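File shown: coords-v9.csv. Contents: CSV, C-alpha atoms and all ligand atoms.
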```
chain,number,residue,atom,x,y,z
A,1,MET,CA,305.4,-62.8,102.5
A,2,SER,CA,307.8,-65.7,102.9
A,3,ASP,CA,308.3,-68.6,100.5
A,4,VAL,CA,307.8,-71.8,102.5
A,5,SER,CA,309.7,-74.4,100.6
A,6,SER,CA,309.5,-77.5,102.8
A,7,GLN,CA,307.3,-80.4,101.8
A,8,GLU,CA,305.5,-80.2,105.2
A,9,PRO,CA,301.7,-80.3,105.0
A,10,HIS,CA,300.0,-76.9,105.4
A,11,ILE,CA,299.9,-75.9,109.1
A,12,PRO,CA,296.7,-74.0,110.0
A,13,VAL,CA,297.6,-70.5,111.2
A,14,MET,CA,296.1,-69.0,114.4
A,15,LEU,CA,293.8,-72.0,114.7
A,16,ASP,CA,293.1,-71.5,118.5
A,17,GLU,CA,292.3,-67.8,118.0
A,18,VAL,CA,290.2,-68.5,114.9
A,19,MET,CA,288.2,-71.1,116.8
A,20,ARG,CA,287.6,-68.8,119.7
A,21,ALA,CA,286.4,-66.0,117.3
A,22,LEU,CA,284.2,-68.4,115.3
A,23,SER,CA,282.9,-70.2,118.4
A,24,PRO,CA,281.2,-73.1,116.4
A,25,GLN,CA,278.5,-75.1,118.3
A,26,ALA,CA,277.1,-78.5,117.6
A,27,GLY,CA,274.4,-78.2,114.9
A,28,ASP,CA,275.7,-74.9,113.5
A,29,VAL,CA,276.6,-74.4,109.9
A,30,MET,CA,280.0,-72.8,109.2
A,31,VAL,CA,281.5,-71.8,105.9
A,32,ASP,CA,285.3,-72.4,105.6
A,33,ALA,CA,285.9,-70.2,102.5
A,34,THR,CA,289.5,-71.4,102.1
A,35,PHE,CA,289.5,-75.2,102.6
A,36,GLY,CA,293.2,-75.7,101.6
A,37,ALA,CA,294.4,-78.8,103.5
A,38,GLY,CA,291.3,-78.7,105.7
A,39,GLY,CA,293.0,-77.6,108.9
A,40,TYR,CA,290.2,-75.2,110.0
A,41,THR,CA,287.5,-77.5,108.6
A,42,SER,CA,288.6,-80.5,110.7
A,43,ALA,CA,288.7,-78.4,113.8
A,44,ILE,CA,285.2,-77.1,113.2
A,45,LEU,CA,283.8,-80.5,112.4
A,46,ALA,CA,285.2,-81.8,115.7
A,47,THR,CA,282.8,-79.4,117.5
A,48,GLY,CA,279.8,-81.1,115.9
A,49,SER,CA,279.2,-78.2,113.5
A,50,LYS,CA,278.5,-78.8,109.8
A,51,VAL,CA,280.9,-77.2,107.3
A,52,VAL,CA,280.5,-75.9,103.8
A,53,ALA,CA,284.1,-75.8,102.6
A,54,ILE,CA,285.2,-73.9,99.5
A,55,ASP,CA,288.4,-73.8,97.4
A,56,ARG,CA,289.1,-72.6,93.9
A,57,ASP,CA,292.0,-75.0,93.5
A,58,PRO,CA,290.9,-78.3,92.0
A,59,ASN,CA,293.9,-80.1,93.7
A,60,ALA,CA,292.6,-79.0,97.1
A,61,ILE,CA,289.1,-80.3,96.3
A,62,ALA,CA,290.5,-83.6,95.0
A,63,ALA,CA,292.7,-84.0,98.1
A,64,GLY,CA,289.7,-83.2,100.4
A,65,GLN,CA,287.5,-86.1,99.2
A,66,ALA,CA,288.8,-88.5,101.8
A,67,LEU,CA,287.6,-86.0,104.5
A,68,VAL,CA,284.2,-85.7,102.8
A,69,SER,CA,283.8,-89.5,103.0
A,70,GLU,CA,284.7,-89.5,106.6
A,71,HIS,CA,282.2,-86.8,107.4
A,72,GLU,CA,279.3,-87.6,105.1
A,73,GLY,CA,276.3,-85.4,105.8
A,74,SER,CA,278.4,-82.9,107.8
A,75,LEU,CA,281.0,-81.7,105.3
A,76,PHE,CA,280.0,-80.2,101.9
A,77,LEU,CA,283.1,-79.5,99.8
A,78,GLU,CA,282.5,-77.0,96.9
A,79,HIS,CA,284.8,-76.1,94.1
A,80,GLY,CA,284.5,-72.4,93.4
A,81,ARG,CA,285.4,-68.9,94.5
A,82,PHE,CA,284.7,-67.4,97.9
A,83,SER,CA,283.3,-64.3,96.3
A,84,ASN,CA,280.3,-66.6,95.7
A,85,LEU,CA,280.2,-68.1,99.1
A,86,ASP,CA,276.6,-67.3,99.7
A,87,ALA,CA,275.5,-69.1,96.5
A,88,LEU,CA,277.9,-72.0,97.2
A,89,ALA,CA,276.4,-72.4,100.7
A,90,GLN,CA,272.9,-72.4,99.1
A,91,LEU,CA,274.1,-75.1,96.7
A,92,SER,CA,274.9,-77.3,99.7
A,93,GLY,CA,271.4,-76.6,101.1
A,94,PHE,CA,272.0,-73.7,103.5
A,95,SER,CA,270.6,-70.3,102.8
A,96,GLN,CA,271.9,-68.8,106.1
A,97,VAL,CA,274.9,-69.8,108.1
A,98,ASN,CA,276.3,-69.3,111.7
A,99,GLY,CA,279.9,-68.5,110.7
A,100,VAL,CA,282.3,-67.7,107.9
A,101,VAL,CA,286.0,-68.1,108.1
A,102,ALA,CA,288.6,-67.2,105.5
A,103,ASP,CA,292.4,-67.8,105.6
A,104,ILE,CA,293.5,-65.7,102.7
A,105,GLY,CA,296.4,-66.5,100.4
A,106,VAL,CA,298.2,-69.5,99.1
A,107,SER,CA,298.7,-72.9,100.9
A,108,SER,CA,302.0,-74.6,101.5
A,109,MET,CA,301.0,-77.2,99.0
A,110,GLN,CA,300.6,-74.6,96.3
A,111,ILE,CA,304.0,-73.0,97.0
A,112,ASP,CA,305.8,-76.3,97.4
A,113,HIS,CA,304.8,-77.8,94.1
A,114,ALA,CA,307.1,-76.2,91.7
A,115,GLU,CA,304.9,-77.0,88.7
A,116,ARG,CA,302.2,-74.5,90.1
A,117,GLY,CA,304.7,-71.7,89.4
A,118,PHE,CA,304.3,-69.8,92.7
A,119,SER,CA,307.9,-70.3,94.0
A,120,PHE,CA,310.9,-68.2,93.1
A,121,GLN,CA,313.1,-70.8,94.8
A,122,LYS,CA,312.2,-73.8,92.7
A,123,ASP,CA,312.0,-73.8,88.9
A,124,GLY,CA,308.6,-74.3,87.3
A,125,PRO,CA,306.3,-72.8,84.7
A,126,LEU,CA,305.5,-69.1,85.4
A,127,ASP,CA,301.9,-69.9,86.2
A,128,MET,CA,300.5,-68.9,89.7
A,129,ARG,CA,296.9,-69.6,88.9
A,130,MET,CA,295.2,-71.1,91.9
A,131,GLU,CA,292.3,-72.2,89.7
A,132,GLN,CA,294.6,-73.7,87.0
A,133,ALA,CA,292.6,-71.8,84.4
A,134,GLY,CA,292.6,-68.3,82.9
A,135,VAL,CA,295.5,-65.8,82.5
A,136,SER,CA,298.8,-66.9,83.9
A,137,ALA,CA,301.7,-65.0,85.4
A,138,ALA,CA,303.6,-65.6,82.2
A,139,ASP,CA,300.8,-64.0,80.2
A,140,VAL,CA,301.0,-60.9,82.4
A,141,VAL,CA,304.8,-60.4,82.2
A,142,ASN,CA,304.9,-61.2,78.5
A,143,HIS,CA,302.0,-59.1,77.4
A,144,CYS,CA,301.1,-56.3,79.9
A,145,LYS,CA,302.1,-52.8,78.9
A,146,ARG,CA,305.1,-51.5,80.7
A,147,ASN,CA,303.1,-48.8,82.7
A,148,ASP,CA,300.6,-51.4,83.8
A,149,LEU,CA,303.3,-53.8,84.9
A,150,THR,CA,304.9,-51.0,86.9
A,151,ARG,CA,301.6,-50.3,88.7
A,152,ILE,CA,300.9,-54.0,89.4
A,153,ILE,CA,304.4,-54.6,90.8
A,154,GLY,CA,304.5,-51.2,92.7
A,155,ILE,CA,301.0,-51.3,94.2
A,156,LEU,CA,300.4,-55.0,94.8
A,157,GLY,CA,304.0,-55.8,95.7
A,158,ASP,CA,304.8,-52.6,97.5
A,159,GLU,CA,308.0,-52.6,95.4
A,160,ARG,CA,309.9,-49.3,95.2
A,161,GLN,CA,311.9,-50.5,92.3
A,162,ALA,CA,308.9,-51.4,90.2
A,163,SER,CA,309.6,-49.1,87.4
A,164,ARG,CA,313.2,-50.4,86.9
A,165,ILE,CA,311.9,-54.0,87.1
A,166,SER,CA,309.2,-53.5,84.5
A,167,ALA,CA,311.7,-51.8,82.2
A,168,GLU,CA,314.1,-54.8,82.5
A,169,ILE,CA,311.2,-57.2,81.9
A,170,VAL,CA,310.0,-55.4,78.8
A,171,GLN,CA,313.5,-55.3,77.3
A,172,ARG,CA,314.1,-59.0,78.0
A,173,ARG,CA,310.8,-60.2,76.7
A,174,GLU,CA,311.4,-58.5,73.3
A,175,LYS,CA,314.3,-60.9,72.8
A,176,GLN,CA,312.8,-63.9,74.6
A,177,GLU,CA,309.5,-64.3,76.4
A,178,PHE,CA,309.5,-65.5,80.0
A,179,THR,CA,308.3,-69.1,80.6
A,180,THR,CA,309.8,-70.1,84.0
A,181,THR,CA,309.8,-68.8,87.6
A,182,LEU,CA,313.6,-68.9,88.0
A,183,ASP,CA,314.1,-67.0,84.8
A,184,LEU,CA,311.9,-64.1,86.1
A,185,ALA,CA,313.4,-64.3,89.6
A,186,SER,CA,316.9,-63.9,88.2
A,187,VAL,CA,315.9,-60.9,86.1
A,188,VAL,CA,314.3,-59.2,89.1
A,189,GLU,CA,317.3,-60.1,91.3
A,190,LYS,CA,319.6,-58.5,88.7
A,191,VAL,CA,317.6,-55.2,89.0
A,192,VAL,CA,317.0,-55.2,92.8
A,193,GLY,CA,320.3,-56.6,93.8
A,194,ARG,CA,320.9,-58.7,96.9
A,195,LYS,CA,322.5,-57.6,100.1
A,196,ALA,CA,323.8,-60.1,102.7
A,197,LYS,CA,321.5,-58.5,105.3
A,198,ASP,CA,318.3,-58.9,103.2
A,199,ARG,CA,315.9,-61.3,104.9
A,200,ILE,CA,313.8,-61.9,101.9
A,201,HIS,CA,314.6,-62.9,98.3
A,202,PRO,CA,314.7,-59.9,96.0
A,203,ALA,CA,311.9,-61.3,93.9
A,204,THR,CA,309.5,-61.8,96.8
A,205,ARG,CA,307.6,-58.6,96.2
A,206,THR,CA,307.3,-59.0,92.4
A,207,PHE,CA,306.1,-62.6,92.8
A,208,GLN,CA,303.5,-61.5,95.5
A,209,ALA,CA,302.2,-58.8,93.1
A,210,LEU,CA,301.8,-61.1,90.2
A,211,ARG,CA,300.1,-63.7,92.3
A,212,ILE,CA,297.6,-61.2,93.7
A,213,TYR,CA,296.9,-59.8,90.2
A,214,VAL,CA,296.6,-63.1,88.4
A,215,ASN,CA,294.1,-64.4,91.0
A,216,ARG,CA,292.3,-61.1,91.5
A,217,GLU,CA,292.8,-61.7,95.2
A,218,LEU,CA,291.8,-58.2,96.4
A,219,GLU,CA,288.6,-58.1,94.4
A,220,GLU,CA,287.8,-61.7,95.5
A,221,LEU,CA,288.3,-60.7,99.2
A,222,ALA,CA,286.1,-57.6,98.9
A,223,ASP,CA,283.3,-59.6,97.3
A,224,ALA,CA,283.7,-62.4,99.8
A,225,LEU,CA,283.1,-59.9,102.7
A,226,LEU,CA,280.0,-58.7,101.0
A,227,ALA,CA,278.8,-62.3,100.4
A,228,ALA,CA,279.5,-63.1,104.1
A,229,GLU,CA,277.3,-60.2,105.1
A,230,ARG,CA,274.5,-61.7,103.0
A,231,ALA,CA,275.0,-65.3,104.2
A,232,LEU,CA,275.4,-64.8,108.0
A,233,LYS,CA,272.4,-65.1,110.4
A,234,PRO,CA,272.0,-62.5,113.1
A,235,GLY,CA,274.6,-63.5,115.7
A,236,GLY,CA,276.7,-65.2,113.1
A,237,ARG,CA,280.5,-64.7,113.2
A,238,LEU,CA,282.9,-63.6,110.5
A,239,ALA,CA,286.7,-64.3,111.0
A,240,VAL,CA,289.3,-63.4,108.5
A,241,VAL,CA,293.1,-64.1,108.6
A,242,THR,CA,295.2,-62.1,106.2
A,243,PHE,CA,299.0,-62.1,105.5
A,244,HIS,CA,299.7,-58.6,104.2
A,245,SER,CA,298.7,-55.0,104.7
A,246,LEU,CA,296.7,-54.7,101.4
A,247,GLU,CA,294.4,-57.5,102.4
A,248,ASP,CA,294.2,-56.5,106.1
A,249,ARG,CA,293.2,-53.0,105.1
A,250,LEU,CA,290.2,-54.3,103.1
A,251,VAL,CA,288.9,-56.3,106.1
A,252,LYS,CA,289.5,-53.4,108.5
A,253,ARG,CA,287.7,-51.0,106.2
A,254,PHE,CA,284.7,-53.3,105.7
A,255,ILE,CA,284.3,-54.1,109.4
A,256,GLN,CA,284.7,-50.4,110.4
A,257,ASP,CA,282.2,-49.4,107.7
A,258,ARG,CA,279.6,-52.0,108.7
A,259,ALA,CA,280.1,-51.4,112.5
A,260,GLU,CA,279.1,-47.8,112.1
A,261,SER,CA,275.7,-46.3,111.5
A,262,SER,CA,275.8,-44.4,108.2
A,263,GLY,CA,273.6,-42.0,106.3
A,264,GLY,CA,272.8,-40.5,109.6
A,265,SER,CA,271.9,-37.1,108.4
A,266,ARG,CA,269.0,-35.5,110.3
A,267,HIS,CA,267.7,-34.4,106.8
A,268,LEU,CA,267.3,-38.0,105.7
A,269,PRO,CA,264.1,-40.0,106.4
A,270,GLN,CA,264.7,-42.6,109.1
A,271,THR,CA,264.5,-45.4,106.5
A,272,ASP,CA,267.6,-44.1,104.7
A,273,GLN,CA,269.7,-44.2,107.8
A,274,LYS,CA,271.8,-47.4,108.0
A,275,THR,CA,272.2,-49.3,111.2
A,276,PRO,CA,275.3,-51.4,111.8
A,277,THR,CA,275.3,-54.9,110.1
A,278,PHE,CA,278.3,-56.1,112.2
A,279,GLU,CA,279.4,-55.6,115.8
A,280,GLN,CA,283.2,-55.2,116.1
A,281,VAL,CA,284.0,-57.0,119.3
A,282,LYS,CA,287.6,-56.0,119.4
A,283,ARG,CA,289.2,-53.0,117.7
A,284,GLY,CA,292.4,-53.8,115.9
A,285,ALA,CA,293.7,-57.1,114.7
A,286,LEU,CA,295.0,-60.1,116.6
A,287,SER,CA,298.5,-61.5,115.7
A,288,ALA,CA,299.9,-64.9,116.2
A,289,SER,CA,301.6,-65.7,119.5
A,290,ALA,CA,305.4,-65.6,119.8
A,291,GLU,CA,305.4,-69.4,120.1
A,292,GLU,CA,303.4,-69.9,117.0
A,293,SER,CA,305.5,-67.4,115.0
A,294,GLU,CA,308.6,-69.2,116.2
A,295,ALA,CA,307.3,-72.6,115.2
A,296,ASN,CA,305.7,-71.6,111.9
A,297,PRO,CA,307.2,-68.6,110.0
A,298,ARG,CA,304.1,-68.2,107.9
A,299,ALA,CA,302.3,-67.1,111.1
A,300,ARG,CA,304.5,-64.1,111.6
A,301,SER,CA,302.6,-61.8,109.3
A,302,ALA,CA,299.1,-63.2,110.1
A,303,LYS,CA,296.4,-60.8,111.3
A,304,LEU,CA,293.0,-62.0,112.4
A,305,ARG,CA,289.9,-59.7,112.5
A,306,TRP,CA,286.5,-60.8,113.4
A,307,ALA,CA,283.0,-59.4,113.9
A,308,ILE,CA,279.5,-60.5,114.8
A,309,ARG,CA,276.5,-60.1,112.4
A,310,THR,CA,273.7,-58.0,113.7
A,311,GLN,CA,270.0,-58.2,112.9
A,312,SER,CA,270.1,-55.4,110.3
A,313,GLN,CA,269.6,-56.1,106.6
A,314,SER,CA,272.7,-56.4,104.4
A,315,ARG,CA,273.7,-53.1,102.8
A,316,GLU,CA,273.8,-52.4,99.1
A,317,GLU,CA,277.0,-53.6,97.4
A,318,ASP,CA,279.3,-50.6,97.2
A,319,ARG,CA,282.9,-51.6,96.5
A,320,SER,CA,284.1,-48.0,96.8
A,321,ILE,CA,284.4,-48.5,100.6
A,322,PHE,CA,287.4,-50.8,100.0
A,323,GLY,CA,289.5,-48.4,97.9
A,324,LEU,CA,290.6,-51.1,95.6
A,325,PRO,CA,293.6,-50.1,93.4
A,326,ARG,CA,292.8,-49.4,89.7
A,327,LEU,CA,294.9,-51.7,87.6
A,328,ALA,CA,294.8,-53.0,84.0
A,329,GLU,CA,291.9,-55.2,83.3
A,330,LEU,CA,292.9,-58.9,83.4
A,331,ASP,CA,290.3,-59.7,80.8
A,332,ILE,CA,292.3,-57.9,78.1
A,333,LEU,CA,295.1,-60.4,78.5
A,334,GLU,CA,292.5,-63.1,78.0
A,335,VAL,CA,291.9,-61.8,74.5
A,336,ILE,CA,295.7,-61.7,73.7
A,337,LYS,CA,296.2,-65.3,74.8
B,1,LIG,C1,296.1,-70.4,103.2
B,1,LIG,S1,295.2,-71.7,102.4
B,1,LIG,C2,294.0,-72.2,103.5
B,1,LIG,C3,294.5,-73.2,104.5
B,1,LIG,C4,293.5,-73.8,105.4
B,1,LIG,N1,293.0,-72.8,106.4
B,1,LIG,C5,294.0,-75.0,106.2
B,1,LIG,O1,294.0,-74.9,107.4
B,1,LIG,O2,294.4,-76.0,105.6
B,1,LIG,C6,294.3,-70.8,101.3
B,1,LIG,C7,293.4,-71.6,100.3
B,1,LIG,O3,292.4,-70.7,99.8
B,1,LIG,C8,292.2,-71.0,98.5
B,1,LIG,N2,291.7,-69.8,97.9
B,1,LIG,C9,292.4,-68.6,97.7
B,1,LIG,N3,291.6,-67.7,97.1
B,1,LIG,C10,290.4,-68.3,96.9
B,1,LIG,C11,289.2,-67.8,96.4
B,1,LIG,N4,289.0,-66.6,95.9
B,1,LIG,N5,288.1,-68.7,96.4
B,1,LIG,C12,288.2,-69.9,96.9
B,1,LIG,N6,289.4,-70.4,97.4
B,1,LIG,C13,290.5,-69.6,97.4
B,1,LIG,C14,293.6,-71.4,98.0
B,1,LIG,O4,293.4,-72.2,96.8
B,1,LIG,C15,294.1,-72.2,99.1
B,1,LIG,O5,293.9,-73.6,99.0
```
Rewrite the structure from the file as structure tokens, please.
Amino acid sequence: MSDVSSQEPHIPVMLDEVMRALSPQAGDVMVDATFGAGGYTSAILATGSKVVAIDRDPNAIAAGQALVSEHEGSLFLEHGRFSNLDALAQLSGFSQVNGVVADIGVSSMQIDHAERGFSFQKDGPLDMRMEQAGVSAADVVNHCKRNDLTRIIGILGDERQASRISAEIVQRREKQEFTTTLDLASVVEKVVGRKAKDRIHPATRTFQALRIYVNRELEELADALLAAERALKPGGRLAVVTFHSLEDRLVKRFIQDRAESSGGSRHLPQTDQKTPTFEQVKRGALSASAEESEANPRARSAKLRWAIRTQSQSREEDRSIFGLPRLAELDILEVIK
């Protein structure tokens, strides 16, 4: 994950590929589960499709009001989490939709505004809450048990030095709690070190881990995929863009699971055998073109997977297919706060 620190507006990633996968037609209803700066939404609206757009960040919703006025009756902008995308689409008046697209992660606006606390390059409060409510990154580093911190940083950041980083954090917070991003970044840098050949900042992985944990991003994504299965009409399309392997793995597992028949034991009655709920059109993920990756560094790690909803009924919710990591409950920190 790279930290994009320009004040450029958010550039939609893999827009052409997403539009081909989603294939919106005039009169369709599409859910843009991650409105952000409305890049995907605007492109979908231009096809004559209606859009239910969702974002958990109140700033994105406020900034999107001008677009709502421009597209009255076609754009329905909902503040909420994409794990509830089926309920949010219903709130806008659509019980079934023709497409769901999600572009997972943070927007350039969130990274660029230092006061949101996502950036290790600009000083700001150690916050990272997309929703601007609930447990912050500061709450996590100041109150999580050391073992829990090690697991969060190690698993969600894929950071080999997680144990040393958490030891240093715990030692430091006993003297003085963390309140700012640069304070944490400098402590992590002290542990990890910085070599001239390193392409990324030494705090990149720790910040990624805290962001994913604070926003429950993996659980949100897993629940969004289940919600999309419920919301899509037969023939409806699901397209998901992710930016790191933990997220991509969830999408891959879900599509593989749903594209296979299961429970196919000859001892089971026919009714217990599950038919595919999605057709996987292309095996494997699509990446951004070399030109796009050159022009927009954010696109370099992007992966797009997509699938088409079949006629079969949604399967029972079973999160075990995702293999979500077991981490400390965020709610416990809510109590400490
Ligand atoms: C990468 S940006 C999307 C950019 C958008 N595709 C565009 O072209 O402007 C991701 C957006 O998703 C939002 N988001 C992340 N997780 C979410 C969730 N669980 N529910 C709703 N919105 C979420 C973020 O607040 C952010 O605005």
### Task
Residues within 6 Å of ligand LIG 1 (chain B) should be enumerated using only C-alpha atoms and all ligand atoms and returned as a list in words.
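Based on only C-alpha atoms and all ligand atoms, ligand LIG 1 (chain B) is surrounded within 6 Å by His10, Pro12, Thr34, Phe35, Gly36, Ala37, Gly38, Gly39, Tyr40, Ile54, Asp55, Arg56, Asp57, Ala60, Gly80, Arg81, Phe82, Asp103, Ile104, Gly105, Val106, Ser107, Met130 and Glu220 of chain A.
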Write out, as a tab-separated table, each residue of stretch 133-227 of chain A that has an atom at most 12 Å from stretch 316-321 of chain A, together with the closest pair of atoms and their distance in Å to one decimal, counting all atoms listed in the file, rows going by chain and rising number.
```
residue	atom	partner	partner_atom	distance
A:Leu218	CA	A:Arg319	CA	11.1
A:Glu219	CA	A:Arg319	CA	8.9
A:Glu220	CA	A:Arg319	CA	11.3
A:Leu221	CA	A:Arg319	CA	10.9
A:Ala222	CA	A:Arg319	CA	7.2
A:Asp223	CA	A:Arg319	CA	8.0
A:Ala224	CA	A:Glu317	CA	11.3
A:Leu225	CA	A:Glu317	CA	10.2
A:Leu226	CA	A:Glu317	CA	6.9
A:Ala227	CA	A:Glu317	CA	9.4
```
### Task
Determine, counting only C-alpha atoms, every residue of protein, DNA or RNA that lies within 9 Å of (291.8, -60.0, 106.7) in the file coordinates, then give the result as a PyMOL selection string.
chain A and resi 102-104+221+239-252+285+302-306
### Query
Any idea what the distance is between atom CA of A:Arg146 and atom CA of A:Phe118?
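Distance reported for this atom pair: 21.9 Å.
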### Task
Could you jot down the atom CA of A:Ile44 to atom CA of A:Ser95 separation for me, Å, one decimal place?
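Interatomic distance, atom CA of A:Ile44 to atom CA of A:Ser95: 19.2 Å.
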### Query
So what do you get for atom CA of A:Ser287 versus atom CA of A:Ala259, distance-wise?
21.2 Å
Per residue of stretch 242-333 of chain A within 12 Å of stretch 137-143 of chain A, what are the shortest atom pair and its distance in Å to one decimal, counting all atoms listed in the file, with rows by chain and residue number, as a tab-separated table?
```
residue	atom	partner	partner_atom	distance
A:Ala328	CA	A:Val140	CA	10.2
A:Glu329	CA	A:Val140	CA	10.8
A:Leu330	CA	A:Val140	CA	8.4
A:Asp331	CA	A:Val140	CA	10.9
A:Ile332	CA	A:His143	CA	9.8
A:Leu333	CA	A:Asp139	CA	7.0
```
### Message
Tell me which residues come within 8 Å of (295.4, -67.1, 89.3), as a ChimeraX atom specification, counting only C-alpha atoms in the file's coordinates.
### Response
/A:127-137,211-216
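Residue nearest A:Asp112, chosen from A:Glu260, A:Met14, A:Ala307, A:Gly124 and counting all atoms listed in the file: A:Gly124.
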### Task
Would you mind telling me which residue in A:Ala167, A:Glu70, A:Asp257, A:Phe120 lies nearest to A:Cys144 when using only C-alpha atoms?
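Checking each candidate against A:Cys144, we get A:Ala167 as the closest.
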### Task
For A:Asp123, list every protein, DNA or RNA residue within 8 Å, evaluated using all atoms listed in the file, and leave out those in the same chain fewer than 6 positions away; present the list as number ranges by chain.
A: 114-115, 117, 180-182
### Query
Which one is closest to A:Ala89: A:Leu15, A:Arg253, A:Lys282, A:Met30? Count all atoms listed in the file.
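Nearest to A:Ala89: A:Met30.
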### Message
Which residue is closest to A:Gly99? Choose from A:Val187, A:Ala196, A:Met19, A:Ala288 and count only C-alpha atoms.
### Response
A:Met19
### Task
Measuring atom to atom with all atoms listed in the file, identify which of A:Glu78, A:Ser293, A:Ala62, A:Thr179 is nearest to A:Pro125.
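Nearest to A:Pro125: A:Thr179.
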### Query
Which residue gives the smallest distance to A:Ser108 among A:Gly48, A:Pro297, A:Gly93, A:Gly27, with all atoms listed in the file counted?
A:Pro297
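Using only C-alpha atoms, the residues found no farther than 8 Å from stretch 149-153 of chain A, other than those of its own chain fewer than 3 positions away, are Val140, Val141, Cys144, Lys145, Arg146, Leu156, Gly157, Asp158, Glu159, Ala162, Ser163, Ile165, Ser166, Arg205, Thr206, Ala209, Leu210, Tyr213 and Leu327 of chain A.
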Can you sort out stretch 216-227 of chain A so it carries N, CA and C atoms, written as a tab-separated table (two decimals), keeping the file's coordinate frame?
```
chain	number	residue	atom	x	y	z
A	216	ARG	N	293.21	-62.16	91.05
A	216	ARG	CA	292.30	-61.10	91.50
A	216	ARG	C	291.99	-61.17	92.95
A	217	GLU	N	293.04	-61.32	93.74
A	217	GLU	CA	292.80	-61.70	95.20
A	217	GLU	C	292.14	-60.55	95.94
A	218	LEU	N	292.42	-59.29	95.62
A	218	LEU	CA	291.80	-58.20	96.40
A	218	LEU	C	290.31	-58.10	96.07
A	219	GLU	N	289.97	-58.21	94.79
A	219	GLU	CA	288.60	-58.10	94.40
A	219	GLU	C	287.79	-59.32	94.99
A	220	GLU	N	288.44	-60.50	94.95
A	220	GLU	CA	287.80	-61.70	95.50
A	220	GLU	C	287.52	-61.49	97.02
A	221	LEU	N	288.50	-60.91	97.74
A	221	LEU	CA	288.30	-60.70	99.20
A	221	LEU	C	287.19	-59.70	99.45
A	222	ALA	N	287.19	-58.60	98.70
A	222	ALA	CA	286.10	-57.60	98.90
A	222	ALA	C	284.77	-58.23	98.66
A	223	ASP	N	284.64	-59.01	97.57
A	223	ASP	CA	283.30	-59.60	97.30
A	223	ASP	C	282.96	-60.69	98.28
A	224	ALA	N	283.98	-61.37	98.82
A	224	ALA	CA	283.70	-62.40	99.80
A	224	ALA	C	283.12	-61.76	101.10
A	225	LEU	N	283.63	-60.59	101.48
A	225	LEU	CA	283.10	-59.90	102.70
A	225	LEU	C	281.67	-59.51	102.46
A	226	LEU	N	281.36	-59.02	101.26
A	226	LEU	CA	280.00	-58.70	101.00
A	226	LEU	C	279.07	-59.90	100.96
A	227	ALA	N	279.61	-61.01	100.42
A	227	ALA	CA	278.80	-62.30	100.40
A	227	ALA	C	278.60	-62.79	101.80
```
